[in-house]
$ cat model34.pdb   # PDB, C-alpha atoms
ATOM      1  CA  MET K   1      -4.646 -17.923  14.277
ATOM      2  CA  ASN K   2      -7.256 -18.694  16.891
ATOM      3  CA  GLY K   3      -9.479 -20.993  14.824
ATOM      4  CA  LYS K   4     -12.221 -18.375  14.436
ATOM      5  CA  GLU K   5     -13.417 -17.776  10.936
ATOM      6  CA  GLY K   6     -12.137 -14.429   9.748
ATOM      7  CA  ALA K   7      -9.623 -13.897  12.535
ATOM      8  CA  CYS K   8      -6.926 -11.261  12.524
ATOM      9  CA  CYS K   9      -4.297  -9.809  14.693
ATOM     10  CA  ILE K  10      -1.616  -7.138  14.552
ATOM     11  CA  ILE K  11       1.769  -8.350  15.733
ATOM     12  CA  THR K  12       4.797  -6.075  15.880
ATOM     13  CA  GLY K  13       6.076  -5.957  12.317
ATOM     14  CA  MET K  14       3.173  -7.929  10.850
ATOM     15  CA  ILE K  15      -0.555  -8.040  10.175
ATOM     16  CA  GLN K  16      -1.906 -11.575  10.150
ATOM     17  CA  LEU K  17      -5.336 -12.295   8.663
ATOM     18  CA  GLU K  18      -7.411 -15.395   8.021
ATOM     19  CA  ILE K  19      -9.823 -14.546   5.215
ATOM     20  CA  PRO K  20     -12.557 -17.129   4.588
ATOM     21  CA  GLY K  21     -12.288 -18.517   1.076
ATOM     22  CA  ARG K  22      -8.949 -16.833   0.539
ATOM     23  CA  GLY K  23      -6.705 -18.195   3.266
ATOM     24  CA  GLU K  24      -4.120 -16.721   5.558
ATOM     25  CA  LEU K  25      -2.213 -13.519   4.883
ATOM     26  CA  ARG K  26       0.937 -12.597   6.797
ATOM     27  CA  ILE K  27       1.689  -9.042   5.750
ATOM     28  CA  GLU K  28       5.053  -7.512   6.628
ATOM     29  CA  HIS K  29       5.433  -4.808   3.964
ATOM     30  CA  LEU K  30       3.408  -1.909   2.606
ATOM     31  CA  VAL K  31       4.631  -0.907  -0.852
ATOM     32  CA  THR K  32       3.034   2.241  -2.153
ATOM     33  CA  ASP K  33       3.246   4.531  -5.113
ATOM     34  CA  VAL K  34       3.784   8.169  -4.141
ATOM     35  CA  ASN K  35       2.351  10.642  -6.684
ATOM     36  CA  GLY K  36      -1.380  10.255  -7.080
ATOM     37  CA  THR K  37      -1.572   7.715  -4.258
ATOM     38  CA  LEU K  38       0.043   9.443  -1.259
ATOM     39  CA  ALA K  39       0.600  12.907  -2.718
ATOM     40  CA  LEU K  40      -1.212  15.245  -5.083
ATOM     41  CA  ASP K  41       1.024  17.381  -7.286
ATOM     42  CA  GLY K  42       3.968  16.286  -5.139
ATOM     43  CA  ILE K  43       2.386  17.492  -1.881
ATOM     44  CA  LEU K  44       1.270  15.221   0.969
ATOM     45  CA  PRO K  45      -2.204  15.909   2.369
ATOM     46  CA  GLU K  46      -2.492  17.199   5.913
ATOM     47  CA  GLY K  47      -2.396  14.398   8.471
ATOM     48  CA  LEU K  48      -0.714  11.818   6.247
ATOM     49  CA  VAL K  49       2.717  12.032   7.893
ATOM     50  CA  LYS K  50       1.241  11.011  11.239
ATOM     51  CA  ARG K  51      -0.743   8.171   9.621
ATOM     52  CA  ILE K  52       2.365   6.771   7.917
ATOM     53  CA  GLU K  53       4.222   6.930  11.249
ATOM     54  CA  GLY K  54       1.465   4.728  12.691
ATOM     55  CA  VAL K  55       1.738   2.236   9.826
ATOM     56  CA  ARG K  56       5.484   1.999  10.412
ATOM     57  CA  GLN K  57       4.719   0.554  13.858
ATOM     58  CA  LYS K  58       3.087  -2.423  12.113
ATOM     59  CA  LEU K  59       4.765  -2.809   8.725
ATOM     60  CA  GLN K  60       7.880  -1.897   6.799
ATOM     61  CA  VAL K  61       6.887   0.943   4.477
ATOM     62  CA  HIS K  62       8.397   1.160   0.994
ATOM     63  CA  LEU K  63       7.810   4.130  -1.322
ATOM     64  CA  LEU K  64       8.188   3.668  -5.085
ATOM     65  CA  THR K  65       8.222   6.726  -7.309
ATOM     66  CA  ALA K  66       9.207   8.111 -10.667
ATOM     67  CA  ASP K  67       9.285  11.518  -8.881
ATOM     68  CA  THR K  68       7.044  13.103 -11.488
ATOM     69  CA  HIS K  69       6.834  16.419  -9.642
ATOM     70  CA  GLY K  70      10.476  16.537  -8.517
ATOM     71  CA  ARG K  71       9.490  16.844  -4.848
ATOM     72  CA  GLN K  72      10.418  13.395  -3.591
ATOM     73  CA  ALA K  73      13.358  14.650  -1.493
ATOM     74  CA  VAL K  74      10.905  16.818   0.476
ATOM     75  CA  ILE K  75       8.439  13.928   0.858
ATOM     76  CA  ASP K  76      11.263  11.618   1.986
ATOM     77  CA  GLN K  77      12.217  14.139   4.646
ATOM     78  CA  GLN K  78       8.607  14.606   5.797
ATOM     79  CA  LEU K  79       8.059  10.845   6.113
ATOM     80  CA  SER K  80      11.573  10.002   7.381
ATOM     81  CA  LEU K  81      11.817   7.435   4.578
ATOM     82  CA  SER K  82      13.880   7.094   1.451
ATOM     83  CA  ALA K  83      11.849   6.303  -1.659
ATOM     84  CA  VAL K  84      13.077   3.971  -4.349
ATOM     85  CA  ARG K  85      13.271   5.922  -7.604
ATOM     86  CA  ILE K  86      11.814   4.065 -10.574
ATOM     87  CA  LYS K  87      13.636   4.689 -13.844
ATOM     88  CA  GLY K  88      11.722   5.795 -16.918
ATOM     89  CA  GLY K  89      10.602   2.918 -19.129
ATOM     90  CA  ASN K  90       9.094  -0.346 -17.930
ATOM     91  CA  GLU K  91       7.950   1.327 -14.720
ATOM     92  CA  ALA K  92       5.136  -1.179 -14.131
ATOM     93  CA  VAL K  93       7.541  -4.110 -14.427
ATOM     94  CA  GLN K  94      10.056  -2.443 -12.088
ATOM     95  CA  LYS K  95       7.391  -1.947  -9.423
ATOM     96  CA  ALA K  96       6.121  -5.521  -9.723
ATOM     97  CA  GLU K  97       9.685  -6.872  -9.512
ATOM     98  CA  TYR K  98      10.276  -4.846  -6.350
ATOM     99  CA  VAL K  99       7.220  -6.463  -4.734
ATOM    100  CA  LYS K 100       8.360  -9.929  -5.828
ATOM    101  CA  LYS K 101      11.852  -9.385  -4.373
ATOM    102  CA  LEU K 102      10.320  -8.561  -0.989
ATOM    103  CA  GLY K 103       8.238 -11.734  -1.155
ATOM    104  CA  ALA K 104       4.938 -10.853  -2.808
ATOM    105  CA  ASN K 105       2.959 -13.008  -0.376
ATOM    106  CA  SER K 106       4.003 -10.652   2.460
ATOM    107  CA  VAL K 107       3.100  -7.384   0.692
ATOM    108  CA  ILE K 108       0.131  -5.046   0.600
ATOM    109  CA  ALA K 109       0.560  -2.729  -2.388
ATOM    110  CA  MET K 110      -1.262   0.564  -2.976
ATOM    111  CA  GLY K 111      -1.455   2.600  -6.143
ATOM    112  CA  GLN K 112      -3.705   4.198  -8.732
ATOM    113  CA  GLY K 113      -1.718   4.797 -11.904
ATOM    114  CA  ALA K 114      -1.230   2.514 -14.891
ATOM    115  CA  ASN K 115       2.326   1.789 -13.775
ATOM    116  CA  ASP K 116       0.933   0.385 -10.484
ATOM    117  CA  ALA K 117      -1.277  -2.317 -12.045
ATOM    118  CA  LEU K 118       1.283  -5.134 -12.114
ATOM    119  CA  MET K 119       2.468  -4.281  -8.590
ATOM    120  CA  LEU K 120      -1.081  -4.597  -7.233
ATOM    121  CA  LYS K 121      -1.556  -7.899  -9.067
ATOM    122  CA  ALA K 122       1.754  -9.285  -7.774
ATOM    123  CA  ALA K 123       1.115  -8.409  -4.112
ATOM    124  CA  ALA K 124      -0.756 -10.625  -1.673
ATOM    125  CA  LEU K 125      -3.241  -7.771  -1.434
ATOM    126  CA  GLY K 126      -3.554  -4.935  -3.959
ATOM    127  CA  ILE K 127      -5.446  -1.789  -3.013
ATOM    128  CA  CYS K 128      -6.411   0.724  -5.678
ATOM    129  CA  VAL K 129      -6.645   4.209  -4.187
ATOM    130  CA  MET K 130      -8.975   6.643  -5.927
ATOM    131  CA  SER K 131      -7.293   9.949  -6.619
ATOM    132  CA  GLN K 132      -7.911  13.409  -7.998
ATOM    133  CA  GLU K 133      -5.465  12.319 -10.690
ATOM    134  CA  GLY K 134      -7.867   9.504 -11.565
ATOM    135  CA  VAL K 135      -7.484   5.739 -11.562
ATOM    136  CA  ALA K 136      -6.167   3.713 -14.473
ATOM    137  CA  VAL K 137      -8.656   1.033 -15.515
ATOM    138  CA  GLU K 138      -6.009  -1.708 -15.575
ATOM    139  CA  THR K 139      -5.016  -0.786 -12.022
ATOM    140  CA  LEU K 140      -8.616  -0.936 -10.883
ATOM    141  CA  THR K 141      -9.137  -4.370 -12.433
ATOM    142  CA  GLY K 142      -5.808  -5.641 -11.053
ATOM    143  CA  ALA K 143      -6.650  -4.668  -7.471
ATOM    144  CA  ASP K 144      -8.345  -6.704  -4.771
ATOM    145  CA  LEU K 145     -10.011  -3.604  -3.313
ATOM    146  CA  LEU K 146     -10.880  -0.067  -4.352
ATOM    147  CA  VAL K 147     -10.942   2.646  -1.672
ATOM    148  CA  PRO K 148     -11.952   6.317  -1.940
ATOM    149  CA  ASP K 149      -8.648   7.811  -0.726
ATOM    150  CA  ILE K 150      -5.339   7.107   0.987
ATOM    151  CA  PHE K 151      -6.808   7.642   4.458
ATOM    152  CA  ALA K 152      -9.417   4.919   3.861
ATOM    153  CA  ALA K 153      -6.638   2.642   2.604
ATOM    154  CA  LEU K 154      -4.572   3.231   5.743
ATOM    155  CA  ASP K 155      -7.661   2.695   7.918
ATOM    156  CA  LEU K 156      -7.731  -0.883   6.591
ATOM    157  CA  LEU K 157      -4.308  -1.451   8.146
ATOM    158  CA  ASP K 158      -5.471  -0.061  11.493
ATOM    159  CA  LYS K 159      -8.719  -2.051  11.399
ATOM    160  CA  PRO K 160      -7.920  -5.233   9.459
ATOM    161  CA  LEU K 161     -11.307  -6.822  10.207
ATOM    162  CA  ARG K 162     -12.550  -4.497   7.455
ATOM    163  CA  LEU K 163     -10.334  -6.399   5.028
ATOM    164  CA  ILE K 164     -11.913  -9.666   6.098
ATOM    165  CA  ALA K 165     -15.411  -8.235   5.706
ATOM    166  CA  SER K 166     -14.652  -7.043   2.170
ATOM    167  CA  LEU K 167     -12.593  -9.994   0.911
ATOM    168  CA  ARG K 168     -14.333 -13.059   2.359
ATOM    169  CA  LYS K 169     -15.860 -15.400  -0.217
TER     170      LYS K 169
END

$ encode --input "model34.pdb" --output "structure tokens"
Amino acid sequence: MNGKEGACCIITGMIQLEIPGRGELRIEHLVTDVNGTLALDGILPEGLVKRIEGVRQKLQVHLLTADTHGRQAVIDQQLSLSAVRIKGGNEAVQKAEYVKKLGANSVIAMGQGANDALMLKAAALGICVMSQEGVAVETLTGADLLVPDIFAALDLLDKPLRLIASLRK
């Protein structure tokens, strides 16, 4: 970093942040839940495909889903990604283990459902995304930040100084 308090920079394949009172973050991965977080009723909102394409210029994007609405194949095609299907039972543990295998200290995780709580806690930075499906209380309390929607969450990756402003101690 450049020695300035609260510095950040976006490097190809990484977002690097120095957050006062929290330390340095070197983020390489975005791990996100799909249904409720990215999609509503299995359908991506208008404009999200383009936003995810932009994120992929900075970070490796990982989708985790139980495919509740049975539309994940369509979403995979729209996003040019292949989601990891989470098996029924112990979904929260499976998601948290996925983050840990990537190296939790290099992960920003996004979610809103109860099965996302442990994933958000495990990640270097957990973002709870408010949704029309609601937000599970344990996910809210396990997150570092709460944002009003997925677009606001993705804005934080485009403008990481916002993260510093919200997370500094």

$ closest_atom_pairs --input "model34.pdb" --of "range 98-155 of chain K" --to "range 23-33 of chain K" --cutoff "6 Å" --atoms "only C-alpha atoms" --output "Markdown table"
| residue | atom | partner | partner_atom | distance |
| --- | --- | --- | --- | --- |
| K:Ser106 | CA | K:Ile27 | CA | 4.3 |
| K:Val107 | CA | K:His29 | CA | 4.8 |
| K:Ile108 | CA | K:Leu30 | CA | 5.0 |
| K:Ala109 | CA | K:Val31 | CA | 4.7 |
| K:Met110 | CA | K:Thr32 | CA | 4.7 |
| K:Gly111 | CA | K:Asp33 | CA | 5.2 |

$ residues_near_point --input "model34.pdb" --point "(-4.5, 0.4, 3.6)" --cutoff "12 Å" --atoms "all atoms listed in the file" --output "ChimeraX atom specification"
/K:15,27,29-32,37-38,51-52,54-55,58-59,61,107-111,125-129,144-163

$ residues_around --input "model34.pdb" --residues "Asp67 in chain K" --least-positions-apart "3" --cutoff "10 Å" --atoms "only C-alpha atoms" --output "list in words"
Asp33, Val34, Asn35, Gly42, Leu64, Gly70, Arg71, Gln72, Ala73, Ala83, Val84, Arg85, Ile86 and Lys87 of chain K

$ atom_distance --input "model34.pdb" --atom1 "CA of Gln94 in chain K" --atom2 "CA of Ala124 in chain K"
17.1 Å

$ resolve_selection --input "model34.pdb" --expression "the PyMOL selection byres ((chain K and resi 115) around 7)" --output "compact mmCIF listing (two decimals) with C-alpha atoms, in the coordinates of the input"
# COMPACT_ATOMS: atom_id res chain seq x y z
CA GLU K 91 7.95 1.33 -14.72
CA ALA K 92 5.14 -1.18 -14.13
CA GLY K 113 -1.72 4.80 -11.90
CA ALA K 114 -1.23 2.51 -14.89
CA ASP K 116 0.93 0.38 -10.48
CA ALA K 117 -1.28 -2.32 -12.04

$ atom_distance --input "model34.pdb" --atom1 "CA of Lys169 in chain K" --atom2 "CA of Val135 in chain K"
25.4 Å

$ closest_residue --input "model34.pdb" --among "K:Leu140, K:Ala123, K:Ala39, K:Ala165" --to "Val74 in chain K" --atoms "only C-alpha atoms"
K:Ala39

$ atom_distance --input "model34.pdb" --atom1 "CA of Glu46 in chain K" --atom2 "CA of Thr68 in chain K"
20.3 Å

$ closest_residue --input "model34.pdb" --among "K:Leu118, K:Ile75, K:Leu17, K:Ala66" --to "Pro45 in chain K" --atoms "all atoms listed in the file"
K:Ile75

$ resolve_selection --input "model34.pdb" --expression "the PyMOL selection byres ((chain K and resi 79) around 8)" --output "list in words"
Val49, Ile52, Glu53, Ile75, Asp76, Gln77, Gln78, Ser80 and Leu81 of chain K

$ write_last_selection --input "model34.pdb" --atoms "C-alpha atoms" --output "PDB file, keeping the file's coordinate frame"
ATOM      1  CA  VAL K  49       2.717  12.032   7.893  1.00  0.00           C
ATOM      2  CA  ILE K  52       2.365   6.771   7.917  1.00  0.00           C
ATOM      3  CA  GLU K  53       4.222   6.930  11.249  1.00  0.00           C
ATOM      4  CA  ILE K  75       8.439  13.928   0.858  1.00  0.00           C
ATOM      5  CA  ASP K  76      11.263  11.618   1.986  1.00  0.00           C
ATOM      6  CA  GLN K  77      12.217  14.139   4.646  1.00  0.00           C
ATOM      7  CA  GLN K  78       8.607  14.606   5.797  1.00  0.00           C
ATOM      8  CA  SER K  80      11.573  10.002   7.381  1.00  0.00           C
ATOM      9  CA  LEU K  81      11.817   7.435   4.578  1.00  0.00           C
TER      10      LEU K  81
END

$ decode --input "model34.pdb" --residues "range 102-116 of chain K" --atoms "all heavy atoms" --output "short mmCIF file (atom, residue, chain, number, x, y, z; two decimals), in the first residue's frame"
data_model
loop_
_atom_site.label_atom_id
_atom_site.label_comp_id
_atom_site.auth_asym_id
_atom_site.auth_seq_id
_atom_site.Cartn_x
_atom_site.Cartn_y
_atom_site.Cartn_z
N LEU K 102 -10.98 -21.87 -0.55
CA LEU K 102 -10.41 -20.84 -1.41
C LEU K 102 -9.33 -20.04 -0.70
O LEU K 102 -8.47 -19.45 -1.33
CB LEU K 102 -11.49 -19.87 -1.89
CG LEU K 102 -12.48 -20.37 -2.91
CD1 LEU K 102 -13.54 -19.31 -3.17
CD2 LEU K 102 -11.79 -20.77 -4.20
N GLY K 103 -9.40 -20.02 0.62
CA GLY K 103 -8.56 -19.16 1.45
C GLY K 103 -9.42 -18.01 1.93
O GLY K 103 -9.50 -16.97 1.26
N ALA K 104 -10.10 -18.20 3.03
CA ALA K 104 -11.12 -17.26 3.50
C ALA K 104 -10.62 -15.82 3.57
O ALA K 104 -11.38 -14.88 3.33
CB ALA K 104 -11.64 -17.70 4.87
N ASN K 105 -9.33 -15.63 3.83
CA ASN K 105 -8.80 -14.28 3.94
C ASN K 105 -8.71 -13.57 2.59
O ASN K 105 -8.41 -12.38 2.53
CB ASN K 105 -7.44 -14.28 4.63
CG ASN K 105 -6.41 -15.09 3.87
OD1 ASN K 105 -6.74 -15.90 3.01
ND2 ASN K 105 -5.15 -14.90 4.21
N SER K 106 -9.02 -14.27 1.50
CA SER K 106 -8.99 -13.65 0.17
C SER K 106 -10.39 -13.59 -0.46
O SER K 106 -10.52 -13.38 -1.66
CB SER K 106 -8.06 -14.43 -0.76
OG SER K 106 -8.59 -15.72 -1.04
N VAL K 107 -11.43 -13.73 0.38
CA VAL K 107 -12.80 -13.85 -0.13
C VAL K 107 -13.71 -12.74 0.42
O VAL K 107 -13.71 -12.46 1.61
CB VAL K 107 -13.41 -15.22 0.25
CG1 VAL K 107 -14.88 -15.30 -0.12
CG2 VAL K 107 -12.62 -16.35 -0.38
N ILE K 108 -14.49 -12.16 -0.51
CA ILE K 108 -15.68 -11.39 -0.14
C ILE K 108 -16.85 -12.32 -0.42
O ILE K 108 -16.94 -12.89 -1.52
CB ILE K 108 -15.84 -10.11 -0.98
CG1 ILE K 108 -14.80 -9.08 -0.56
CG2 ILE K 108 -17.25 -9.52 -0.81
CD1 ILE K 108 -14.89 -7.77 -1.33
N ALA K 109 -17.72 -12.50 0.55
CA ALA K 109 -18.89 -13.36 0.38
C ALA K 109 -20.15 -12.51 0.49
O ALA K 109 -20.21 -11.57 1.28
CB ALA K 109 -18.92 -14.46 1.43
N MET K 110 -21.15 -12.86 -0.34
CA MET K 110 -22.43 -12.15 -0.34
C MET K 110 -23.56 -13.15 -0.23
O MET K 110 -23.54 -14.19 -0.88
CB MET K 110 -22.60 -11.34 -1.63
CG MET K 110 -21.60 -10.24 -1.81
SD MET K 110 -21.91 -9.34 -3.34
CE MET K 110 -20.53 -8.21 -3.31
N GLY K 111 -24.54 -12.82 0.59
CA GLY K 111 -25.70 -13.68 0.74
C GLY K 111 -26.76 -13.01 1.58
O GLY K 111 -26.56 -11.90 2.08
N GLN K 112 -27.89 -13.72 1.76
CA GLN K 112 -28.97 -13.17 2.56
C GLN K 112 -29.75 -14.24 3.31
O GLN K 112 -30.43 -13.95 4.27
CB GLN K 112 -29.93 -12.32 1.73
CG GLN K 112 -30.44 -12.89 0.42
CD GLN K 112 -31.27 -14.14 0.50
OE1 GLN K 112 -30.77 -15.18 0.09
NE2 GLN K 112 -32.49 -14.10 1.00
N GLY K 113 -29.63 -15.48 2.90
CA GLY K 113 -30.39 -16.55 3.54
C GLY K 113 -29.68 -17.15 4.73
O GLY K 113 -28.48 -16.95 4.93
N ALA K 114 -30.42 -17.91 5.52
CA ALA K 114 -29.85 -18.55 6.71
C ALA K 114 -28.67 -19.44 6.36
O ALA K 114 -27.70 -19.52 7.12
CB ALA K 114 -30.93 -19.36 7.44
N ASN K 115 -28.71 -20.07 5.19
CA ASN K 115 -27.60 -20.95 4.83
C ASN K 115 -26.37 -20.18 4.34
O ASN K 115 -25.36 -20.78 3.99
CB ASN K 115 -28.03 -22.02 3.81
CG ASN K 115 -28.40 -21.46 2.46
OD1 ASN K 115 -28.27 -20.27 2.19
ND2 ASN K 115 -28.88 -22.33 1.59
N ASP K 116 -26.43 -18.85 4.35
CA ASP K 116 -25.28 -18.01 3.98
C ASP K 116 -24.53 -17.47 5.20
O ASP K 116 -23.44 -16.91 5.06
CB ASP K 116 -25.74 -16.82 3.13
CG ASP K 116 -26.39 -17.27 1.84
OD1 ASP K 116 -25.93 -18.25 1.25
OD2 ASP K 116 -27.38 -16.62 1.43
#
